[in-house]
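Notes follow the structure.
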Amino acid sequence: MDIQDQDATARWEALGSRDPRSRGTAMEHISQEVMRRVESIGPIPATVPSPLATAGHPTSDLNDILARLLMLSKRCPFDDVRERCVWLLQNVQDFGVRIPRPLGNGPSRFIPEKEILQVSKVDPRTQSIFEDAFAALGRLDNISLVMGFHPQYLESFLRTQHYLLQMDGPLSLHYRHYIGIMAAARHQCSYLVNLHVNDFLQVGGDSKWLNGLDGAPQKLQALGELNKILAHRPWLTKAHIEHLLKAEEHSWSLAELIHAVVLLTHYHSLASFTFGCGITPEIHSDGGHTFRPPSLSQYCVCDIANGNGHGHLEERRGNHQVSEVSGEVEVLMERMKQLQECRDEEEASQEEMATRFEREKTESMLVATAEDEECVPSRDVSRHFEDPSYGYKDFSRRGEHVPTFRVQDYSWEDHGYSLVNRLYPDVGQLLDEKFQMAYNLTYNTMAMHKDVDTTMLRRAIWNYIHCMFGIRYDDYDYGEINQLLDRSFKVYIKTMVCSPEKTTKRMYESFWRQFQHSEKVHVNLLLMEARMQAELLYALRAITRYMT
């Protein structure tokens with residue numbers, strides 16, 4: 001996308017240096033190269049609707065550079081680089097060349113941009129994490145910006161993802177990114193697909209593989225069925241795991257399969273987070289910017305692009321919602337208090353606990369996802385997987401009965417963790433830290449209330465997700481779930497975990513309406529990690545059984 005020599009690549013990478021002089025020198029070289037290209041092209045005639053419109057137009061390469069500069073002017077964590085990119089883009093525009101502008105309203109369609117970007121300004125730790133991420137990848141992606149509400153978790157997430165994609169492991173780098181593409185495409189997550197298409201090509205991946213799964217090696221094609229099963233019906237993985245390990249041709253080693261399974265579950269669950277937080281395309285990617293001038297109905301277009309304009313409307317709507325649901329938090333806190341008192345007074349029998357689990361599992365099947373939001377995958381995404389009609393199915397539909405998965409018999413802590421660590425060293429530890437971070441993360445607040453113990457609520461959310469996948473904790477009273485999670489919240493959870501591509505802004509806004517955006521992002525982290533662990537448990541148990 002940029003100037004094709006190694007020196008130019010090094011200059012872009014140097015913008016991530018912590019040394020201001022190195023950044024300044026790199027920016028000076030980039031500025032000179034950009035202006036040299038601009039001067040060679042001259043002003044774009046007004047009759048040309050968009051420099052991007054003509055394939056092979058001499059500005060096409062420049063457009064990519066300008067889009068990258070736009071991204072840096074908005075997202076680079078270093079003030080000096082942002083300011084210099086703004087200055088350079090203005091110079092290009094003054095020369096008569098059209099420059100791009102952002103589309104959309106920040107990193108998320110659901111959360112105001114100002115609220116997201118404010119986080120790093122008030123928290124030095126978040127700023128430091130952003131700088132490290134930018135230095136490693138040359139970008140600060142929208143997922144990281146939204147996760148920045150919770151820097152402790154973000155640090156663990158980025159460390160794990162970096163290890164899975166960059167560090168020594170059983171699978172080659174281009175295989176890793178291709179598996180990421182396959183997993184994200186399963187949920188029609190074009191955001192993640194586009195990120196990893198670029199990364200796949202950067203590490204030397206064959207562009208023919210991107211024409212469709214049938215253009216990839218047989219070994220990866222064989223993984224397609226497991227990708228489908230893990231994403232939608234993980235309780236059916238056993239036969240598919242055995243098939244991959246026993247195949248006479250194109251078989252997978254145990255270590256390779258563990259790496260692949262961790263990547264598949266990571267990107268299935270990350271797709272849930274992406275849709276659940278309304279993550280928008282990166283500024284420098286397709287759909288993140290445009291070269292078209294703002295339309296004459298300026299108010300709407302410009303204000304959406306700049307994150308302004310509708311503040312008063314949102315404020316009025318927010319005030320109306322607060323008055324409408326006043327007391328929602330207090331009701332939830334009172335229920336938590338009552339449940340704790342009931343726990344202290346009496347404990348249900350094992351038979352009653354089992355009955356309550358089965359009842360909750362059955363009721364979870366009656367919670368509908370947003371079926372009316374029918375999503376037809378685009379060709380760009382659907383070519384990376386097969387059987388697009390295959391989706392999540394509740395356990396007992398059409399007489400399909402799946403035995404309950406008892407954590408007492410196979411758990412992450414006692415079985416899965418050690419299996420992953422043995423076959424893919426250090427990854428079990430990284431995953432365990434990430435699971436623990438999401439599960440235990442708390443600021444002891446609920447909306448405007450402080451000094452609140454949220455353990456009971458976090459456990460109810462985690463266990464409800466596992467319950468939807470048939471996973472039971474013998475020591476948990478599933479009667480608590482209906483007391484703590486209302487219908488709209490259950491619809492959101494089920495949609496985001498099972499059919500994330502159908503998640504809408506209305507659904508995001510309809511649950512916990514008095515809570516902060518940072519608290520809803522925390523919920524999404526819980527949903528993401530609980531889903532990943534549920535998928536992993538089924539796959540790892542199948543691998544363990546194969547080994548024994």
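By convention in this document, the chains of the structure tokens carry letters A, B, ... by their order, each chain's residues are numbered from 1, and ligands are numbered from 1 in the order they are shown.
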- Message: Which residues are close to stretch 89-95 of chain A, i.e. within 12 Å by only C-alpha atoms, leaving aside same-chain residues fewer than 3 positions away? Reply as a PyMOL selection string.
- Response: chain A and resi 30-45+62-63+65-74+82-86+98-101+291
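These are the residues of stretch 257-303 of chain A assigned helix (DSSP H, G or I) by DSSP from backbone coordinates: A:Leu257, A:Ile258, A:His259, A:Ala260, A:Val261, A:Val262, A:Leu263, A:Leu264, A:Thr265, A:His266, A:Tyr267, A:His268, A:Ser269, A:Leu270, A:Ala271, A:Ser272, A:Phe273, A:Thr274, A:Phe275, A:Gly276, A:Gln298, A:Tyr299, A:Cys300, A:Val301, A:Cys302, A:Asp303.
Comparing A:Asp409, A:Asp453, A:Glu509, A:Asp426 by their smallest distance to A:Ile471, the closest is A:Asp409 (using only C-alpha atoms).
With distances restricted to only C-alpha atoms, A:Asn524 is the closest residue to A:His150 from A:Ser207, A:Thr544, A:Asn524, A:Thr290.
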Computed gap from atom CA of A:Gly104 to atom CA of A:Met496 is 21.9 Å
Quiz item: Using only C-alpha atoms, which residues sit within 8 Å of stretch 277-284 of chain A once same-chain residues fewer than 2 positions away are excluded, as number ranges by chain?
Solution: A: 64, 67-68, 70-71, 102-104, 106-111, 141-143, 146, 191, 273-275, 286-289, 504-505, 508, 521, 524
At a cut-off of 7 Å, using only C-alpha atoms, what residues contact stretch 349-365 of chain A? Leave out same-chain residues fewer than 6 positions from it and give the result as a VMD selection string. chain A and resid 394 467 to 468 470 477 to 479
Determine, counting only C-alpha atoms, which protein, DNA and RNA residues have an atom within 9 Å of an atom of A:Ile181; residues of the same chain fewer than 2 positions away are not included. Present the result as a list of chain:residue names.
-> A:Arg176, A:His177, A:Tyr178, A:Ile179, A:Ala183, A:Ala184, A:Ala185, A:Arg186, A:Leu192, A:Val193, A:Asn194, A:Leu195, A:His196, A:Val197, A:Phe200, A:Tyr267, A:Val381, A:His384
Same residues, C-alpha atoms, saved as a compact mmCIF listing (two decimals), in the first residue's frame:
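Saved the output as out-v2.txt:
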```txt
# COMPACT_ATOMS: atom_id res chain seq x y z
CA ARG A 176 -2.59 -18.31 11.61
CA HIS A 177 -4.03 -15.29 9.83
CA TYR A 178 -5.96 -17.46 7.37
CA ILE A 179 -7.57 -19.37 10.26
CA ALA A 183 -13.27 -17.93 12.01
CA ALA A 184 -14.34 -14.29 11.63
CA ALA A 185 -16.08 -15.00 8.33
CA ARG A 186 -18.19 -17.68 10.03
CA LEU A 192 -11.91 -8.83 11.41
CA VAL A 193 -11.77 -10.48 7.97
CA ASN A 194 -10.36 -7.29 6.41
CA LEU A 195 -7.78 -6.85 9.18
CA HIS A 196 -6.45 -10.36 8.70
CA VAL A 197 -6.57 -10.33 4.91
CA PHE A 200 -2.09 -12.51 5.76
CA TYR A 267 -11.85 -15.14 16.65
CA VAL A 381 -16.93 -12.76 3.53
CA HIS A 384 -14.03 -17.96 3.29
```
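When only C-alpha atoms are used to measure the gap to A:Leu527, the shortest distance among A:Val420, A:Met167, A:Leu270, A:Leu485 belongs to A:Leu270.
The residue that comes closest to A:Gly148, out of A:Thr160, A:Gln118, A:Ser22, A:Ser172 and on the basis of only C-alpha atoms, is A:Gln118.
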**Request:** Going by DSSP on the backbone, which bits of stretch 416-523 of chain A are strand (DSSP E or B)? Write them as a PyMOL selection string, please.
**Result:** chain A and resi 445-446+449-450+471-472
Since we have the selection now, will you write its residues out, keeping C-alpha atoms, as a tab-separated table (two decimals), in the first residue's frame?
```tsv
chain	number	residue	atom	x	y	z
A	445	THR	CA	-19.54	0.03	41.19
A	446	MET	CA	-22.97	-0.33	39.60
A	449	HIS	CA	-23.46	3.34	43.18
A	450	LYS	CA	-20.07	2.63	44.77
A	471	ILE	CA	-22.28	-26.69	30.61
A	472	ARG	CA	-23.25	-27.14	34.26
```
**OP:** Name the residues in contact with A:Pro170 at a cut-off of 8 Å, using only C-alpha atoms, excluding same-chain residues fewer than 6 positions from it; report them as a list in words.
**Re:** Ala255, Glu256, His259 and Tyr424 of chain A
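Atom pair atom CA of A:His187 / atom CA of A:Tyr473: separated by 28.2 Å.
Shortest atom-to-atom contact with A:Tyr464 among A:Met437, A:Val261, A:Ala447, A:Ile493: A:Ile493, counting only C-alpha atoms.
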Neighbouring residues of A:Glu249 were defined as those with any atom within 12 Å, considering only C-alpha atoms; residues of the same chain fewer than 6 positions away were excluded. Please report them as a CSV table (one decimal) with all heavy atoms, in the first residue's frame.
```
chain,number,residue,atom,x,y,z
A,217,PRO,N,-5.1,-24.7,0.8
A,217,PRO,CA,-4.6,-26.1,0.9
A,217,PRO,C,-5.7,-27.0,1.5
A,217,PRO,O,-6.5,-26.6,2.3
A,217,PRO,CB,-3.4,-26.0,1.8
A,217,PRO,CG,-2.9,-24.6,1.7
A,217,PRO,CD,-4.1,-23.8,1.5
A,218,GLN,N,-5.6,-28.3,1.1
A,218,GLN,CA,-6.6,-29.3,1.6
A,218,GLN,C,-6.6,-29.3,3.1
A,218,GLN,O,-7.7,-29.5,3.7
A,218,GLN,CB,-6.2,-30.7,1.1
A,218,GLN,CG,-6.6,-30.9,-0.4
A,218,GLN,CD,-8.1,-31.0,-0.6
A,218,GLN,OE1,-8.8,-31.4,0.3
A,218,GLN,NE2,-8.6,-30.5,-1.7
A,219,LYS,N,-5.5,-29.1,3.7
A,219,LYS,CA,-5.4,-29.2,5.2
A,219,LYS,C,-6.3,-28.1,5.8
A,219,LYS,O,-7.0,-28.4,6.8
A,219,LYS,CB,-3.9,-29.0,5.6
A,219,LYS,CG,-3.7,-29.2,7.1
A,219,LYS,CD,-2.2,-29.3,7.4
A,219,LYS,CE,-1.9,-29.5,8.8
A,219,LYS,NZ,-0.5,-29.8,9.1
A,222,ALA,N,-10.0,-28.9,5.3
A,222,ALA,CA,-10.5,-29.9,6.2
A,222,ALA,C,-10.9,-29.3,7.5
A,222,ALA,O,-11.8,-29.8,8.2
A,222,ALA,CB,-9.5,-31.0,6.4
A,243,HIS,N,-11.5,-36.9,13.1
A,243,HIS,CA,-11.3,-37.0,11.7
A,243,HIS,C,-10.0,-36.2,11.3
A,243,HIS,O,-9.2,-36.7,10.5
A,243,HIS,CB,-12.5,-36.4,10.9
A,243,HIS,CG,-12.3,-36.2,9.5
A,243,HIS,ND1,-12.2,-37.3,8.6
A,243,HIS,CD2,-12.0,-35.1,8.7
A,243,HIS,CE1,-12.0,-36.9,7.4
A,243,HIS,NE2,-11.9,-35.6,7.4
```
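Counting only C-alpha atoms, the residue from A:Ala542, A:Trp87, A:Val262, A:Ala136 that sits nearest to A:Ala14 is A:Ala136.
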